[in-house]
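Worksheet for the structure shown next.
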Amino acid sequence: MKVNVWVAIAAAACLGAACNRGPDYEGNVRKALDQANMQQVEVKVDGDEHIVHLRGTVGSMADRSRAQEVADAVVGTSGRVLNELTIKGLNDKTAGALDGDIKSNLDKMIDNDPALKKRDVNFDVVNGMVTIKGDVRTADEKNRVGDMTKAAPGVKDVANGLQIAAGQ
C-alpha cells in the first residue's frame, strides 16, 4: 500500500511540473519549419523573454517572409518572433559591420543618459534586429530604452527583454 501511495505522489509531482512548463517554442517552431521544408533556419529561444530568434541564411526574401509567417503562427500572441535571417548574396559582407555600428551607437546612447548609464543594459544586434537584455529599475526606464532603440538609425525591429529589478 505504501508503495502505491509513493508512486501516486511521484506521478502527481511529475504531472504538476509538466503543467507548469510553458510552451515548447523551440520544438514547436522547429517542427513547423521542418514541415515547411525550411530546415536551414536555426531556432533559438530566450525563454524568459518569450522571444523566438530565427537565424541563418535563406535563398530569397520570400523564404525569409515564409519562415516569419510559420514561426508567427506557432508562437501566436504568447511570445515574439525576431526574424534575423540573412538572404544569401544580399549584404553578406556589410551586415556584420552595420550591426556593429548599430550596437556601438546604442551603447553610446545609454552611456549618454545619466540614469540609464548606471543600469545593466545590453544589446544583441543581428541583421538590424535588436534584442535588449539586462535590468532597469522602472517600467518607464524599460520603455525609454525601447523607444531610444527603435529610433536609432539602422534598427529594423526590437525585442525588449529588459527585466525590472527595483532593488538595483
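By convention in this document, the chains of the C-alpha cells carry letters A, B, ... by their order, each chain's residues are numbered from 1, and ligands are numbered from 1 in the order they are shown.
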
Where does range 49-131 of chain A meet range 41-44 of chain A within 6 Å, residue by residue, with the nearest atom pair and distance in Å to one decimal for each, counting only C-alpha atoms, listed by chain and rising number, as a Markdown table?
| residue | atom | partner | partner_atom | distance |
| --- | --- | --- | --- | --- |
| A:Val52 | CA | A:Lys44 | CA | 5.9 |
| A:His53 | CA | A:Lys44 | CA | 5.0 |
| A:Leu54 | CA | A:Val43 | CA | 5.1 |
| A:Arg55 | CA | A:Glu42 | CA | 4.9 |
| A:Gly56 | CA | A:Val41 | CA | 5.4 |

Query - Selection near Asn122 in chain A, 6 Å with only C-alpha atoms, sequence-local residues under 3 positions removed, as a list in words - result: Ile132, Lys133 and Gly134 of chain A

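Using only C-alpha atoms, the residues found no farther than 10 Å from Leu162 in chain A, other than those of its own chain fewer than 4 positions away, are Glu49, Asp120, Val121, Asn122, Thr131, Ile132, Lys133, Gly134, Asp135, Val136, Arg137, Ala139, Glu141, Lys142, Asn143, Val145 and Gly146 of chain A.
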
Restricted to N, CA, C and O atoms, what would the selected residues look like written as a compact mmCIF listing (two decimals), in the first residue's frame?
# COMPACT_ATOMS: atom_id res chain seq x y z
N GLU A 49 12.17 35.85 -21.86
CA GLU A 49 11.57 36.98 -22.57
C GLU A 49 10.52 36.53 -23.58
O GLU A 49 9.90 37.36 -24.22
N ASP A 120 22.15 47.96 -16.08
CA ASP A 120 22.72 46.84 -16.83
C ASP A 120 21.90 46.64 -18.10
O ASP A 120 20.92 45.90 -18.11
N VAL A 121 22.27 47.34 -19.18
CA VAL A 121 21.54 47.26 -20.45
C VAL A 121 22.51 46.76 -21.51
O VAL A 121 23.57 47.34 -21.72
N ASN A 122 22.11 45.66 -22.18
CA ASN A 122 22.95 45.05 -23.22
C ASN A 122 22.15 44.88 -24.49
O ASN A 122 20.95 44.60 -24.44
N THR A 131 17.92 42.82 -29.84
CA THR A 131 17.37 42.25 -28.61
C THR A 131 18.01 42.98 -27.45
O THR A 131 19.24 43.08 -27.38
N ILE A 132 17.18 43.52 -26.57
CA ILE A 132 17.67 44.25 -25.40
C ILE A 132 17.54 43.34 -24.19
O ILE A 132 16.48 42.75 -23.96
N LYS A 133 18.62 43.23 -23.43
CA LYS A 133 18.62 42.41 -22.21
C LYS A 133 19.24 43.20 -21.08
O LYS A 133 19.98 44.15 -21.32
N GLY A 134 18.97 42.76 -19.87
CA GLY A 134 19.55 43.39 -18.71
C GLY A 134 18.48 43.77 -17.71
O GLY A 134 17.35 43.27 -17.76
N ASP A 135 18.85 44.70 -16.81
CA ASP A 135 17.95 45.12 -15.74
C ASP A 135 17.88 46.63 -15.66
O ASP A 135 18.89 47.32 -15.79
N VAL A 136 16.68 47.13 -15.42
CA VAL A 136 16.44 48.54 -15.14
C VAL A 136 15.59 48.62 -13.88
O VAL A 136 15.12 47.60 -13.38
N ARG A 137 15.37 49.83 -13.38
CA ARG A 137 14.63 49.98 -12.12
C ARG A 137 13.12 50.11 -12.30
O ARG A 137 12.37 49.73 -11.42
N ALA A 139 9.45 50.57 -15.08
CA ALA A 139 8.83 50.34 -16.39
C ALA A 139 9.12 51.52 -17.31
O ALA A 139 9.30 51.35 -18.53
N GLU A 141 11.87 53.33 -17.38
CA GLU A 141 13.22 53.14 -17.93
C GLU A 141 13.21 52.08 -19.03
O GLU A 141 13.85 52.26 -20.07
N LYS A 142 12.50 51.01 -18.81
CA LYS A 142 12.40 49.95 -19.83
C LYS A 142 11.81 50.51 -21.12
O LYS A 142 12.35 50.28 -22.21
N ASN A 143 10.73 51.27 -21.00
CA ASN A 143 10.10 51.86 -22.18
C ASN A 143 11.01 52.87 -22.86
O ASN A 143 11.06 52.95 -24.09
N VAL A 145 14.32 52.91 -22.91
CA VAL A 145 15.37 52.19 -23.65
C VAL A 145 14.79 51.63 -24.95
O VAL A 145 15.39 51.72 -26.02
N GLY A 146 13.59 51.06 -24.88
CA GLY A 146 12.94 50.52 -26.07
C GLY A 146 12.69 51.59 -27.12
O GLY A 146 12.96 51.39 -28.31

Requested in this report: Taking the DSSP assignment computed from this structure's backbone, write out as an MDAnalysis selection string all residues of range 28-157 of chain A that belong to strand (DSSP E or B).
Outcome: chainID A and resid 42:46 51:55 57:58 80:83 86:87 120:126 129:136 157

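With only C-alpha atoms as the atoms that count, the residue of A:Gln39, A:Asn105, A:Asn127, A:Thr138 with the shortest distance to Ile164 in chain A is A:Thr138.
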
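Proximity ranking of A:Ala97, A:Val45, A:Asp124, A:Ala32 relative to Gln68 in chain A places A:Ala32 first, based on only C-alpha atoms.
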
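Picture a line from CA of Ala151 in chain A to CA of Ser65 in chain A; it runs 23.4 Å.
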
Give me the residues near Ala36 in chain A as a PDB file with N, CA and C atoms, in the first residue's frame, where near means some atom within 9 Å (using only C-alpha atoms) and where sequence neighbours in that chain fewer than 5 positions away do not count.
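File produced: out_3.pdb:
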ATOM      1  N   LYS A  31       9.615  22.077 -35.569  1.00  0.00           N
ATOM      2  CA  LYS A  31       8.763  21.100 -36.256  1.00  0.00           C
ATOM      3  C   LYS A  31       7.996  21.765 -37.406  1.00  0.00           C
ATOM      4  N   ARG A  66       8.392  33.704 -45.403  1.00  0.00           N
ATOM      5  CA  ARG A  66       7.675  32.457 -45.104  1.00  0.00           C
ATOM      6  C   ARG A  66       8.086  31.913 -43.730  1.00  0.00           C
ATOM      7  N   ALA A  67       9.382  31.960 -43.423  1.00  0.00           N
ATOM      8  CA  ALA A  67       9.854  31.498 -42.114  1.00  0.00           C
ATOM      9  C   ALA A  67       9.208  32.315 -41.002  1.00  0.00           C
ATOM     10  N   VAL A  70       5.514  31.202 -40.615  1.00  0.00           N
ATOM     11  CA  VAL A  70       5.418  29.900 -39.962  1.00  0.00           C
ATOM     12  C   VAL A  70       5.643  30.042 -38.460  1.00  0.00           C
TER      13      VAL A  70
END

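Taking CA of His50 in chain A and CA of Asp101 in chain A as endpoints, the distance between them is 26.5 Å.
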
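You will find CA of Asp147 in chain A at 28.1 Å from CA of Glu26 in chain A.
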
Report task. Within range 64-156 of chain A, find each residue whose DSSP state, derived from the backbone, is alpha helix (DSSP H), and express the selection as a ChimeraX atom specification. Result -> /A:64-75,95-111,139-151

Can I get the selected residues back with C-alpha atoms, as an mmCIF file, in the first residue's frame?
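Below you can see again-v9.cif, which holds the result:
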data_model
loop_
_atom_site.group_PDB
_atom_site.id
_atom_site.type_symbol
_atom_site.label_atom_id
_atom_site.label_comp_id
_atom_site.auth_asym_id
_atom_site.auth_seq_id
_atom_site.Cartn_x
_atom_site.Cartn_y
_atom_site.Cartn_z
ATOM 1 C CA ARG A 64 12.614 34.856 -45.155
ATOM 2 C CA SER A 65 8.995 36.024 -45.065
ATOM 3 C CA ARG A 66 7.675 32.457 -45.104
ATOM 4 C CA ALA A 67 9.854 31.498 -42.114
ATOM 5 C CA GLN A 68 8.458 34.503 -40.233
ATOM 6 C CA GLU A 69 4.871 33.501 -41.066
ATOM 7 C CA VAL A 70 5.418 29.900 -39.962
ATOM 8 C CA ALA A 71 7.018 30.932 -36.656
ATOM 9 C CA ASP A 72 4.370 33.614 -36.003
ATOM 10 C CA ALA A 73 1.617 31.026 -36.486
ATOM 11 C CA VAL A 74 3.204 28.740 -33.876
ATOM 12 C CA VAL A 75 4.049 31.425 -31.318
ATOM 13 C CA ALA A 95 25.736 43.092 -42.472
ATOM 14 C CA GLY A 96 28.206 42.405 -39.643
ATOM 15 C CA ALA A 97 29.766 45.867 -39.896
ATOM 16 C CA LEU A 98 26.335 47.519 -39.885
ATOM 17 C CA ASP A 99 25.305 45.503 -36.820
ATOM 18 C CA GLY A 100 28.489 46.587 -35.057
ATOM 19 C CA ASP A 101 27.753 50.234 -35.868
ATOM 20 C CA ILE A 102 24.183 49.902 -34.561
ATOM 21 C CA LYS A 103 25.367 48.272 -31.329
ATOM 22 C CA SER A 104 28.048 50.921 -30.816
ATOM 23 C CA ASN A 105 25.506 53.706 -31.397
ATOM 24 C CA LEU A 106 23.062 52.137 -28.915
ATOM 25 C CA ASP A 107 25.785 51.715 -26.289
ATOM 26 C CA LYS A 108 26.678 55.416 -26.676
ATOM 27 C CA MET A 109 23.023 56.422 -26.297
ATOM 28 C CA ILE A 110 22.819 54.534 -22.980
ATOM 29 C CA ASP A 111 26.165 55.923 -21.774
ATOM 30 C CA ALA A 139 8.829 50.340 -16.391
ATOM 31 C CA ASP A 140 9.498 53.912 -17.550
ATOM 32 C CA GLU A 141 13.219 53.136 -17.933
ATOM 33 C CA LYS A 142 12.401 49.949 -19.829
ATOM 34 C CA ASN A 143 10.102 51.859 -22.178
ATOM 35 C CA ARG A 144 12.640 54.664 -22.629
ATOM 36 C CA VAL A 145 15.368 52.191 -23.649
ATOM 37 C CA GLY A 146 12.944 50.522 -26.073
ATOM 38 C CA ASP A 147 11.910 53.837 -27.626
ATOM 39 C CA MET A 148 15.523 55.008 -27.969
ATOM 40 C CA THR A 149 16.432 51.724 -29.629
ATOM 41 C CA LYS A 150 13.533 51.845 -32.088
ATOM 42 C CA ALA A 151 14.534 55.378 -33.091
#

Requested in this report: Find the spatial neighbours of Gln40 in chain A, counting only C-alpha atoms, within a cut-off of 10 Å - ignore same-chain residues fewer than 4 positions away - and output them as a PyMOL selection string.
Outcome: chain A and resi 33-34+55-59

Output N, CA, C and O atoms of each residue in that selection to a file, as an mmCIF file, in the first residue's frame.
data_model
loop_
_atom_site.group_PDB
_atom_site.id
_atom_site.type_symbol
_atom_site.label_atom_id
_atom_site.label_comp_id
_atom_site.auth_asym_id
_atom_site.auth_seq_id
_atom_site.Cartn_x
_atom_site.Cartn_y
_atom_site.Cartn_z
ATOM 1 N N LEU A 33 8.788 24.533 -39.046
ATOM 2 C CA LEU A 33 9.717 24.919 -40.111
ATOM 3 C C LEU A 33 10.154 23.697 -40.921
ATOM 4 O O LEU A 33 10.283 23.772 -42.151
ATOM 5 N N ASP A 34 10.382 22.577 -40.249
ATOM 6 C CA ASP A 34 10.738 21.341 -40.957
ATOM 7 C C ASP A 34 9.613 20.921 -41.893
ATOM 8 O O ASP A 34 9.864 20.506 -43.029
ATOM 9 N N ARG A 55 17.414 32.427 -37.185
ATOM 10 C CA ARG A 55 18.749 32.787 -37.662
ATOM 11 C C ARG A 55 19.185 31.864 -38.777
ATOM 12 O O ARG A 55 18.668 30.768 -38.920
ATOM 13 N N GLY A 56 20.184 32.325 -39.504
ATOM 14 C CA GLY A 56 20.734 31.537 -40.595
ATOM 15 C C GLY A 56 20.606 32.287 -41.912
ATOM 16 O O GLY A 56 20.341 33.488 -41.943
ATOM 17 N N THR A 57 20.774 31.558 -42.992
ATOM 18 C CA THR A 57 20.726 32.148 -44.323
ATOM 19 C C THR A 57 19.713 31.406 -45.171
ATOM 20 O O THR A 57 19.690 30.180 -45.197
ATOM 21 N N VAL A 58 18.870 32.169 -45.851
ATOM 22 C CA VAL A 58 17.870 31.595 -46.761
ATOM 23 C C VAL A 58 18.131 32.125 -48.163
ATOM 24 O O VAL A 58 18.876 33.087 -48.350
ATOM 25 N N GLY A 59 17.494 31.494 -49.152
ATOM 26 C CA GLY A 59 17.766 31.819 -50.554
ATOM 27 C C GLY A 59 17.085 33.055 -51.090
ATOM 28 O O GLY A 59 17.546 33.636 -52.076
#
